[in-house]
Structures are given as C-alpha cells and as structure tokens.
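What follows is one structure encoded as structure tokens, with my remarks underneath.
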Amino acid sequence: MIAAIPALKMPIRAEAGLPRRVPARLSIGASKGPKAKVDWADLIGRVAANGDREAFKRLFEHFAPRIKGLMLKAGCSSDEAEEIAQSTLIAVWRKAHQFDPATAGAPAWIFTIARNLRIDLFRRRARTDRLQAGSELPDEPDQAEPADILISRGQDAARIALAIRQLSAEQSMVVRLSFIEERPHPEIASALGIPLGTVKSRIRLAMNRLRDILDEEA
Amino acid sequence: MTISHHPPEDLLADFAAGKLEEAHHLVVGVHVSGCARCARFVQAIEQLAGAALEEVEPAAIAPDAFDRVMSRIHEAPKQIAAPPLASATDDDVPPALRKYRIGKRRRVAPGLSLRPIELSGSGTARAFLLRSAPGSRMLEHTHTGTELTLVLEGSFSHEGGRFGPGDFDYGDDEVDHRPIVGDEGPCLCLVAMTGDLRMNGFLGRLIGPFVRL
C-alpha cells in the first residue's frame with residue numbers, strides 16, 4: 001500500500017541514548033519478494049463466514065508478532081505488548097464480521113483495534129491503581145471502556161490510500177517515527193541524521209501536505 | 001452545520017495513534033466523529049500506521065500464545081457490567097458521551113455551570129461540560145496549560161473568530177481570551193483542560209478555587 005517507506009531496524013529500547021545513523025534504505029513494494037501478496041481481507045472474511053481456524057492462524061502468525069513489535073517500539077513493556085497482541089487477535093476473531101475492506105485496509109483495521117486495546121489497558125490500569133489507593137469510588141463498578149468513539153467512515157479507503165502515496169518517502173517516514181512509533185524528536189533527528197529543527201519542520205510540512213491533499217480530493 | 005475551526009493536524013495524528021491523554025482523546029474524538037474532513041485525516045494516519053505495522057520488525061510471541069488465544073476465544077465473552085448511562089432524556093449529554101459517567105451540574109457563577117466527566121485517572125487533564133447563558137461574557141482568563149474546547153450547542157466568539165456547533169478551539173498559555181457567548185441560546189461546550197486556568201479580576205479569583213479550574 002505504501003511503497004516507499006524505509007524500514008528502520010533499530011532496537012529503540014535497548015539502545016536509547018545511542019544515536020545511530022540509519023541508512024535510508026527504501027523498500028519498494030514490488031521488490032519485497034517473489035511470494036504473492038497475501039489477501040488479508042479474504043482471510044478475515046473466511047474467519048467471519050465460518051470461523052476458519054486455518055485462516056485465523058495465518059492472520060495470527062503474521063500480525064501478532066508485528067503488533068507486539070510495534071507496541072514495544074511505542075514504549076509498552078514486553079508483557080503489555082504481548083497482552084495487547086493476543087487481545088487484538090481475539091478481537092479480530094470476534095469482530096471479523098465488522099471488517100469492511102472498502103473502508104480500511106486490513107493492517108490499518110488491525111492497528112486501530114490494537115491502538116484501542118492499548119488505550120483501554122492504560123485506563124483500566126489507572127482505574128485499578130486508583131481503586132487500590134482507596135482514594136475514591138471504591139464500590140463503583142467498572143466503567144465501559146470508551147476508547148473507540150465511533151468515527152463514521154466514508155467509502156473512501158482507496159482515495160485516502162491514494163492521498164498518502166503523494167507524501168514523499170521522507171514525509172511518510174517522519175510521520176511514522178513521530179506519531180506511530182512515538183519516538184522523541186531528538187531521537188528521530190539522530191536516527192535520520194538531520195537537525196532537530198528539520199525534524200520539526202518536516203513533520204509540520206508533512207501534516208500540512210496531507211491535509212491539503214485530502215482537501216483537494218474531497 | 002458548517003465546521004470552520006478544526007484541531008491542529010498534530011493533535012489529530014496523536015489522536016489517530018492513540019497517544020492523547022484521556023480528556024484530550026475525548027474532545028478530539030467527539031469533534032472527529034462529527035467532522036468528515038478530520039475523519040479523513042485520521043483515517044489517513046491510520047493507513048500509515050497500518051503500513052508501519054506491516055513493516056515493523058516482528059517480536060517473538062509467547063510459544064503458547066496461539067493456543068491461549070484460541071481457548072480465550074472459545075470461552076464465553078466476559079459480561080461487563082453495564083455502566084450507569086446518562087439518561088437518554090438528559091439533553092445536556094451528546095450521544096458520543098453516553099458511555100461516560102457524568103457528574104451533577106454545578107453552578108459556578110451566574111449563567112455558568114459545569115458537569116464533570118468521570119475519567120479513568122490515566123491522564124492529568126480534566127474534562128467537563130460547560131454551559132453558559134446566552135449573551136454572557138466569559139471571564140477573562142489565561143491558561144497555564146492547554147484548553148481544548150468543542151462547541152456542542154450555541155456559539156461563542158473571541159478574537160480568533162466565531163465558534164459554533166462542531167467547532168474546535170485550542171487555547172494554550174499564549175492565549176488571553178475573553179469569549180462572548182452568542183445571543184441565540186445557551187452555549188454548551190465540551191472542555192478538556194490541563195494546568196490551571198487563571199481567572200483575571202475579582203470574580204475570577206473568587207470562583208477559581210471553587211470550580212477547581
């Protein structure tokens with residue numbers, strides 16, 4: 001979907017504070033390997049239609065380790081990342097019938113599930129801590145987990161995919177490092193070998209560009 | 001409803017990534033749920049996140065993870081006790097907030113009342129519904145932190161423009177504003193606030209400690 005995003009291979013947690021140049025290696029979608037692209041949407045459809053365990057296992061084997069990897073990058077502990085990865089796949093099974101390939105790609109859909117579970121995990125933990133501290137509301141039942149406010153989704157996944165392809169590789173990269181992998185700006189600066197000020201301005205430009213492209217498409 | 005004031009893009013991106021603290025997540029989320037333009041932006045960031053998920057280095061999963069997931073799937077889904085919902089006849093509470101426990105309305109000044117929204121406590125910002133009478137002039141105030149405001153009903157104006165239903169206003173310590181509520185009716189806002197609100201003037205000092213703003 002996004003052809004031109006360089007992959008960063010830098011164990012952020014283990015070596016925080018040790019800046020390292022990352023070669024700006026571009027992975028082009030077509031050169032990812034000879035194996036045919038797996039149709040994740042089809043696998044999710046099979047899980048929804050008849051609880052296809054084999055299809056689910058392929059989803060699990062592909063996505064669970066990646067969810068865990070992304071959550072580790074974003075600062076979760078290993079236990080938290082494992083729990084979020086497992087819970088996400090359980091939700092994929094249970095919500096498979098809600099997946100609509102016209103409104104989101106499978107990876108984006110699975111990301112949103114993992115994201116919401118992480119939010120819920122942090123809220124639940126905060127609530128538990130508060131209850132254990134005995135400060136207030138000891139007898140109250142748990143609240144609903146309100147992470148996923150319903151966002152109406154138009155039938156425009158393809159248009160949005162088209163729009164983000166218009167971002168430059170540099171812009172996509174900086175958005176990803178800053179917002180999705182949640183790395184602090186100084187770390188992005190040393191990872192990409194650019195000045196801190198450039199990181200900030202590049203993020204700004206990427207945000208504005210994305211907004212402009214989406215407005216034009218609308 | 002024409003929305004003319006939107007959250008800044010970095011706030012939308014943080015929302016899409018799930019990075020915002022709870023009160024901010026709530027206010028931005030309610031805006032996005034009613035704003036097709038911002039929903040598209042959020043979806044774009046989610047697509048980028050999906051691409052990142054595809055390319056991230058996989059981390060080793062527990063050896064028995066798949067079996068554990070399958071057995072959890074075959075357990076009956078946990079019955080979560082239904083939360084006490086705001087009454088459907090409670091016209092102060094927009095549908096997006098019905099999952100939250102919302103406190104009783106407290107009058108904080110003539111023509112000004114608020115209802116606190118109960119959050120998990122994972123963040124530091126407070127969230128509340130603020131209702132102000134038509135035509136009233138809000139207290140002159142400055143912030144020590146940030147204030148995210150979403151208009152739900154009515155309108156207010158300050159030097160940044162007019163803010164009607166769906167409009168989003170972002171205030172930080174740079175801003176010193178004194179909004180005037182529109183004449184057409186009461187103004188109901190959803191507000192997330194970090195830091196302290198410094199009320200200027202006598203009345204502000206008087207009510208400041210009381211409302212814990």
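In the structure tokens, chains take the letters A, B, ... in the order shown, each chain's residues start at 1, and ligands count up from 1 in the order shown.
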Could you make a table, as CSV, of the residues of chain B that have an atom within 6 Å of an atom of chain A, each with its nearest atom pair and distance in Å to one decimal, counting only C-alpha atoms, in chain and number order?
```
residue,atom,partner,partner_atom,distance
B:Glu9,CA,A:Met207,CA,5.9
B:Ala17,CA,A:Ile180,CA,5.6
B:Gly18,CA,A:Arg115,CA,5.8
B:Ser33,CA,A:Ile151,CA,4.5
B:Ala44,CA,A:Ile160,CA,5.8
B:Glu46,CA,A:Ala108,CA,5.5
B:Gln47,CA,A:Ala108,CA,5.0
B:Gly50,CA,A:Ala108,CA,3.8
B:Glu57,CA,A:Gly69,CA,5.9
B:Pro58,CA,A:Arg66,CA,4.3
B:Ala59,CA,A:Gly69,CA,4.7
B:Ala60,CA,A:Pro65,CA,5.9
B:Ile61,CA,A:Pro65,CA,5.7
B:Pro83,CA,A:Gln143,CA,5.2
B:Ser120,CA,A:Arg127,CA,5.1
B:Gly121,CA,A:Ala126,CA,5.7
B:Ser122,CA,A:Ala126,CA,4.8
```
Would you put the residues from that selection into a file with C-alpha atoms, as a short mmCIF file (atom, residue, chain, number, x, y, z; two decimals), in the first residue's frame?
```cif
data_model
loop_
_atom_site.label_atom_id
_atom_site.label_comp_id
_atom_site.auth_asym_id
_atom_site.auth_seq_id
_atom_site.Cartn_x
_atom_site.Cartn_y
_atom_site.Cartn_z
CA GLU B 9 -3.04 18.31 12.50
CA ALA B 17 -2.05 6.96 17.03
CA GLY B 18 -3.82 6.65 20.38
CA SER B 33 -16.99 11.86 14.91
CA ALA B 44 -5.01 8.63 6.58
CA GLU B 46 -4.41 5.03 10.48
CA GLN B 47 -3.48 3.85 6.98
CA GLY B 50 -1.22 0.02 9.06
CA GLU B 57 10.24 -5.85 12.93
CA PRO B 58 8.19 -8.72 14.41
CA ALA B 59 8.76 -9.51 18.08
CA ALA B 60 8.73 -13.08 19.33
CA ILE B 61 5.35 -14.06 20.71
CA PRO B 83 -22.10 1.25 33.14
CA SER B 120 -10.17 6.76 34.49
CA GLY B 121 -7.45 8.91 36.00
CA SER B 122 -4.81 7.82 33.49
#
```
Might you pull out every residue within 6 Å of segment 37-46 of chain A, with only C-alpha atoms counted and same-chain residues fewer than 5 positions away left off, and present them as a VMD selection string? chain A and resid 52 55 96 106
Which of segment 16-108 of chain B DSSP labels alpha helix (DSSP H), written as JSON, numbers by chain: {"B": [16, 17, 22, 23, 24, 25, 26, 27, 28, 29, 30, 31, 32, 33, 36, 37, 38, 39, 40, 41, 42, 43, 44, 45, 46, 47, 48, 49, 50, 51, 52, 53, 54, 55, 65, 66, 67, 68, 69, 70, 71, 72, 73, 74]}
I need the residues from that last selection saved to file as a PDB file, in the first residue's frame (with C-alpha atoms), if you can.
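The result, written out as part.pdb:
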```pdb
ATOM      1  CA  ALA B  16      -5.126   8.508  15.442  1.00  0.00           C
ATOM      2  CA  ALA B  17      -2.047   6.962  17.028  1.00  0.00           C
ATOM      3  CA  GLU B  22      -7.964  10.613  28.003  1.00  0.00           C
ATOM      4  CA  ALA B  23      -9.593  14.047  28.245  1.00  0.00           C
ATOM      5  CA  HIS B  24      -7.992  15.231  25.020  1.00  0.00           C
ATOM      6  CA  HIS B  25      -8.834  11.969  23.281  1.00  0.00           C
ATOM      7  CA  LEU B  26     -12.432  12.506  24.248  1.00  0.00           C
ATOM      8  CA  VAL B  27     -12.728  16.078  22.954  1.00  0.00           C
ATOM      9  CA  VAL B  28     -10.843  15.429  19.717  1.00  0.00           C
ATOM     10  CA  GLY B  29     -12.817  12.212  19.220  1.00  0.00           C
ATOM     11  CA  VAL B  30     -16.173  13.906  19.545  1.00  0.00           C
ATOM     12  CA  HIS B  31     -15.062  16.537  17.041  1.00  0.00           C
ATOM     13  CA  VAL B  32     -13.797  13.910  14.603  1.00  0.00           C
ATOM     14  CA  SER B  33     -16.985  11.860  14.905  1.00  0.00           C
ATOM     15  CA  ALA B  36     -15.855  14.324   7.785  1.00  0.00           C
ATOM     16  CA  ARG B  37     -12.757  16.351   6.980  1.00  0.00           C
ATOM     17  CA  CYS B  38     -10.926  15.447  10.170  1.00  0.00           C
ATOM     18  CA  ALA B  39     -12.188  11.860   9.994  1.00  0.00           C
ATOM     19  CA  ARG B  40     -10.438  11.558   6.624  1.00  0.00           C
ATOM     20  CA  PHE B  41      -7.230  12.898   8.121  1.00  0.00           C
ATOM     21  CA  VAL B  42      -7.430  10.434  10.999  1.00  0.00           C
ATOM     22  CA  GLN B  43      -8.054   7.595   8.562  1.00  0.00           C
ATOM     23  CA  ALA B  44      -5.006   8.630   6.580  1.00  0.00           C
ATOM     24  CA  ILE B  45      -2.837   8.412   9.688  1.00  0.00           C
ATOM     25  CA  GLU B  46      -4.409   5.026  10.483  1.00  0.00           C
ATOM     26  CA  GLN B  47      -3.477   3.849   6.982  1.00  0.00           C
ATOM     27  CA  LEU B  48       0.090   4.991   7.576  1.00  0.00           C
ATOM     28  CA  ALA B  49       0.020   3.126  10.870  1.00  0.00           C
ATOM     29  CA  GLY B  50      -1.224   0.022   9.058  1.00  0.00           C
ATOM     30  CA  ALA B  51       1.730   0.304   6.689  1.00  0.00           C
ATOM     31  CA  ALA B  52       4.062   0.704   9.659  1.00  0.00           C
ATOM     32  CA  LEU B  53       2.540  -2.412  11.229  1.00  0.00           C
ATOM     33  CA  GLU B  54       3.292  -4.369   8.062  1.00  0.00           C
ATOM     34  CA  GLU B  55       6.909  -3.291   8.057  1.00  0.00           C
ATOM     35  CA  ALA B  65       0.122 -17.687  22.568  1.00  0.00           C
ATOM     36  CA  PHE B  66      -1.950 -19.141  19.751  1.00  0.00           C
ATOM     37  CA  ASP B  67      -3.422 -21.873  21.949  1.00  0.00           C
ATOM     38  CA  ARG B  68      -4.163 -19.392  24.674  1.00  0.00           C
ATOM     39  CA  VAL B  69      -5.878 -17.097  22.220  1.00  0.00           C
ATOM     40  CA  MET B  70      -7.971 -19.961  20.846  1.00  0.00           C
ATOM     41  CA  SER B  71      -9.063 -21.032  24.303  1.00  0.00           C
ATOM     42  CA  ARG B  72      -9.923 -17.469  25.259  1.00  0.00           C
ATOM     43  CA  ILE B  73     -11.956 -17.174  22.067  1.00  0.00           C
ATOM     44  CA  HIS B  74     -13.973 -20.247  22.994  1.00  0.00           C
TER      45      HIS B  74
END
```
To one decimal place in Å, what is the distance between atom CA of Asp212 of chain A and atom CA of Gly34 of chain B? 19.7 Å
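Comparing B:Lys19, B:Arg106, B:Lys99, B:His6 by their smallest distance to Leu150 of chain B, the closest is B:His6 (using only C-alpha atoms).
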